[in-house]
Every structure is written in C-alpha cells, then in structure tokens.
Amino acid sequence: MPTVKLATYNINGIRARQARLLEWLEREAPDIVCLQELKANDAAFPLNEIRAKGYSARWVGQVSWNGVAVLARGAEIKERHRALPGDASDSHSRYLEVEVNGLIVACLYLPNGNPQPGPKFDYKLAWFERLIKHAKSLVASKQPVILAGDFNVVPTDFDIYDPTHWRKDALLQPESRECYERLLKQGWLDSLRHKHPGEKIFTFWDYFRNHWKRNAGLRIDHLLLNKTLAPHLHDSNVDRWVRDQEGASDHAPTWVTLSIGDKPKRKAAKKAVKKTAAKKSPAKKAARAKR
DNA sequence: ATGTCCCACCGCGTGGGA
C-alpha cells in the first residue's frame, strides 16, 4: 500500500456503537484502527462483524469500563503487550501494543483522572509516569512507532474552545500537561498539531450543553510518531462527520496517513533536485542575461 | 450544581463513570 491510514477512536461502548463503527470502517477504510472504551468484556467483542469488513483484531476487554482494541485491514496483528508495563497490580484494560507489517502501534486509554484532586487523579499521574518510562524505550527505536489513543489531556489552552469552565478539570491540570510535555520532549511528534499549527481543532465534544452543535470541543485524542516514523507523516485530521451522526460517540475518529513502503520522500527529493538544476542551467542563465 | 450518555445490576429505575 502506498499510504497507511491509522486512526484512533474512543468509541464509548462498542456494543452501543457497533453499527456506527462498521459504517465508518466501510466509508473511510482505515488500514489500522485503535479503539478505546469498549466497555465490554472479551466475549462481547463483535469479532465476526469486524472480520466481515476485512479486519483482523486484537482486544483487551473489561466489564463495564475501559477496554482497548486494534484492528488491521487485511494484515496480521502481532501482540507485544496486553498491559502497560510497570505495575502488575493495575487491573484496568487501558493499553495494547502490537506490531502490524513492521509498524509498532501502542493503543492507549489514559485515565481521565476526575475528580481532582483525589485517588483517581493520582492514578492518572502514576499511569502517565509509567507511560513516559515505557515510551522512552520506543521513541528511539529504529522501527516506526506510533502512540495513539485518548490521552485525556488538553495540551494547552489553545486546544479547547474555552478553558474557563474547565480549570479544575483533570484534563487541564498543570501536572497532566507537564506529563504530556515531558513525553513529547522525548522526541515524539504530535501529528495533528504539526499538520494544523494555529488551528482550533478538536477530537471530543461532550454530550452536555449542546457542545457539538456549538463546536465547543477539546483536543484530547493524540497520534504521536517516533523519530523513525515522523518523516513519513503525510496528513492528519478528524473524521468530524462521525460525531454528527445520531447516536454518536462523544469522540470523533482522529487519524494520520503515513507514506510507508514506497519511499515517496526520496522521489520527491530527486524531483526537487532536478527542478533546481533546471532553473540554474546555463541555457536559462544565458536567456536571462539577454533580457 | 448542572447538563447527557453508556453501563451494570437488577428487575425497567437507579447509581457510577466520563
């Protein structure tokens, strides 16, 4: 494949959202999908329906809460981790790390952390520290790596419609943001922000107060590329139409396209060199001198 | 404090989580 489209989508209940998920898969045909908030145990995962759309799948379910999955269209998924390393006592299904055609994909659902302060916020920060530690081993990998998921962090005040009413929320706390910054500083590229500098762009609009209709959103679903993968980033955006559907999740699928396998960068570089050479060719120079 | 939606546990209404 010339480009790979990889999306992350907090589905908010895979059973409640199954029809919507299948429609989206059909219409957008992403190659790799990271899902969060399955809110279902392993046995309830709709494998047959997803297979029928041409996808293989790995998932880590849990009754009621959390739950993550990776889907891959027409490709094998090799499992690397079914949990975030660093705390064997952590029972939440929030992390699934796999490999698809040589690409390492970490699908994550970072704890929300509300109410703050309190044990849930402590758990969020502890989970973040474990992620930072584990990510350090991935960022410098010669293999391409992507961290994709619901990070439950609004990186800056620019990443929310209006921070006023969210100041006390765990998603905006300085501690949460500091963790995210520290993660990025390892060398990860924030794809969506990189492709849309200076643009208010959101991935989540809660169900309250008509937030979707007012485009009062937050950017909390992120796709981070390691140094090997970053040069292959082609595009990044949000499938907003999914959020507009009846019975939609409060998140919209957020995606990157990656040019992997056909070395488009090299071709582009060669072309650029040819153009430059043509401009400065002696014939043209002479023509210019005549004028 | 509130708004809405999804889930479990019940047993069709309520409480937890986001």
# chains A, B, ... in the order shown; residues from 1 in each chain; ligands from 1

call {"tool": "interface_residues", "arguments": {"of": "chain B", "to": "chain A", "cutoff": "12 Å", "atoms": "only C-alpha atoms (C1' of nucleotides)", "output": "CSV table (one decimal) with C-alpha atoms (C1' of nucleotides), in the first residue's frame"}}
result
chain,number,residue,atom,x,y,z
B,2,DT,C1',-25.8,21.2,36.2
B,3,DG,C1',-26.0,19.1,31.7
B,4,DT,C1',-26.1,13.6,28.6
B,5,DC,C1',-25.0,9.1,27.5
B,6,DC,C1',-23.4,4.2,28.5
B,7,DC,C1',-23.0,0.6,31.6
B,8,DA,C1',-24.3,-3.0,35.5
B,9,DC,C1',-27.5,-4.6,38.4
B,16,DG,C1',-21.2,5.2,38.9
B,17,DG,C1',-18.1,6.9,35.4
B,18,DA,C1',-16.9,10.2,31.9

call {"tool": "closest_residue", "arguments": {"among": "A:Gly67, A:Pro144, A:Gly187, A:Pro163", "to": "A:Leu96", "atoms": "only C-alpha atoms"}}
result
A:Gly67

call {"tool": "residues_around", "arguments": {"residues": "A:Leu71", "least_positions_apart": "2", "cutoff": "6 Å", "atoms": "only C-alpha atoms (C1' of nucleotides)", "output": "ChimeraX atom specification"}}
result
/A:32-33,55-57

call {"tool": "select_by_dssp", "arguments": {"residues": "stretch 20-217 of chain A", "states": "alpha helix (DSSP H)", "output": "ChimeraX atom specification"}}
result
/A:20-28,47-52,119-139,174-185,191-195

call {"tool": "atom_distance", "arguments": {"atom1": "atom CA of A:Leu233", "atom2": "atom CA of A:Tyr9"}}
result
18.8 Å

call {"tool": "closest_residue", "arguments": {"among": "A:Arg243, A:Lys53, A:Lys124, A:Lys78", "to": "A:Phe202", "atoms": "only C-alpha atoms"}}
result
A:Arg243

call {"tool": "atom_distance", "arguments": {"atom1": "atom C1' of B:DT14", "atom2": "atom CA of A:Lys120"}}
result
23.3 Å

call {"tool": "residues_around", "arguments": {"residues": "A:Asp221", "least_positions_apart": "3", "cutoff": "7 Å", "atoms": "only C-alpha atoms (C1' of nucleotides)", "output": "PyMOL selection string"}}
result
chain A and resi 149-151+203+254

call {"tool": "write_last_selection", "arguments": {"atoms": "N, CA and C atoms", "output": "mmCIF file, in the first residue's frame"}}
result
data_model
loop_
_atom_site.group_PDB
_atom_site.id
_atom_site.type_symbol
_atom_site.label_atom_id
_atom_site.label_comp_id
_atom_site.auth_asym_id
_atom_site.auth_seq_id
_atom_site.Cartn_x
_atom_site.Cartn_y
_atom_site.Cartn_z
ATOM 1 N N GLY A 149 -4.179 7.251 20.861
ATOM 2 C CA GLY A 149 -5.267 6.978 21.794
ATOM 3 C C GLY A 149 -5.880 8.215 22.408
ATOM 4 N N ASP A 150 -6.703 7.944 23.401
ATOM 5 C CA ASP A 150 -7.321 9.000 24.194
ATOM 6 C C ASP A 150 -6.396 9.260 25.377
ATOM 7 N N PHE A 151 -5.677 10.393 25.314
ATOM 8 C CA PHE A 151 -4.704 10.718 26.353
ATOM 9 C C PHE A 151 -5.348 11.462 27.524
ATOM 10 N N THR A 203 -11.224 16.920 18.974
ATOM 11 C CA THR A 203 -11.484 15.493 18.751
ATOM 12 C C THR A 203 -12.603 14.974 19.640
ATOM 13 N N THR A 254 -9.812 10.155 14.842
ATOM 14 C CA THR A 254 -8.711 11.070 14.564
ATOM 15 C C THR A 254 -7.609 10.251 13.906
#

call {"tool": "atom_distance", "arguments": {"atom1": "atom CA of A:Trp127", "atom2": "atom CA of A:Ser176"}}
result
10.8 Å

call {"tool": "decode", "arguments": {"residues": "chain B", "atoms": "C-alpha atoms (C1' of nucleotides)", "output": "JSON list (two decimals), in the first residue's frame"}}
result
[["chain", "number", "residue", "atom", "x", "y", "z"],
["B", 1, "DA", "C1'", -24.63, 22.20, 40.68],
["B", 2, "DT", "C1'", -25.77, 21.17, 36.25],
["B", 3, "DG", "C1'", -26.03, 19.06, 31.66],
["B", 4, "DT", "C1'", -26.10, 13.59, 28.63],
["B", 5, "DC", "C1'", -24.98, 9.15, 27.52],
["B", 6, "DC", "C1'", -23.39, 4.21, 28.48],
["B", 7, "DC", "C1'", -23.03, 0.58, 31.59],
["B", 8, "DA", "C1'", -24.29, -3.00, 35.47],
["B", 9, "DC", "C1'", -27.46, -4.63, 38.41],
["B", 10, "DC", "C1'", -31.16, -5.53, 38.63],
["B", 11, "DG", "C1'", -35.69, -6.40, 37.64],
["B", 12, "DC", "C1'", -37.44, -1.23, 33.85],
["B", 13, "DG", "C1'", -35.23, 2.55, 37.83],
["B", 14, "DT", "C1'", -31.03, 3.94, 39.93],
["B", 15, "DG", "C1'", -26.04, 5.00, 40.63],
["B", 16, "DG", "C1'", -21.18, 5.17, 38.90],
["B", 17, "DG", "C1'", -18.10, 6.91, 35.41],
["B", 18, "DA", "C1'", -16.92, 10.17, 31.94]]
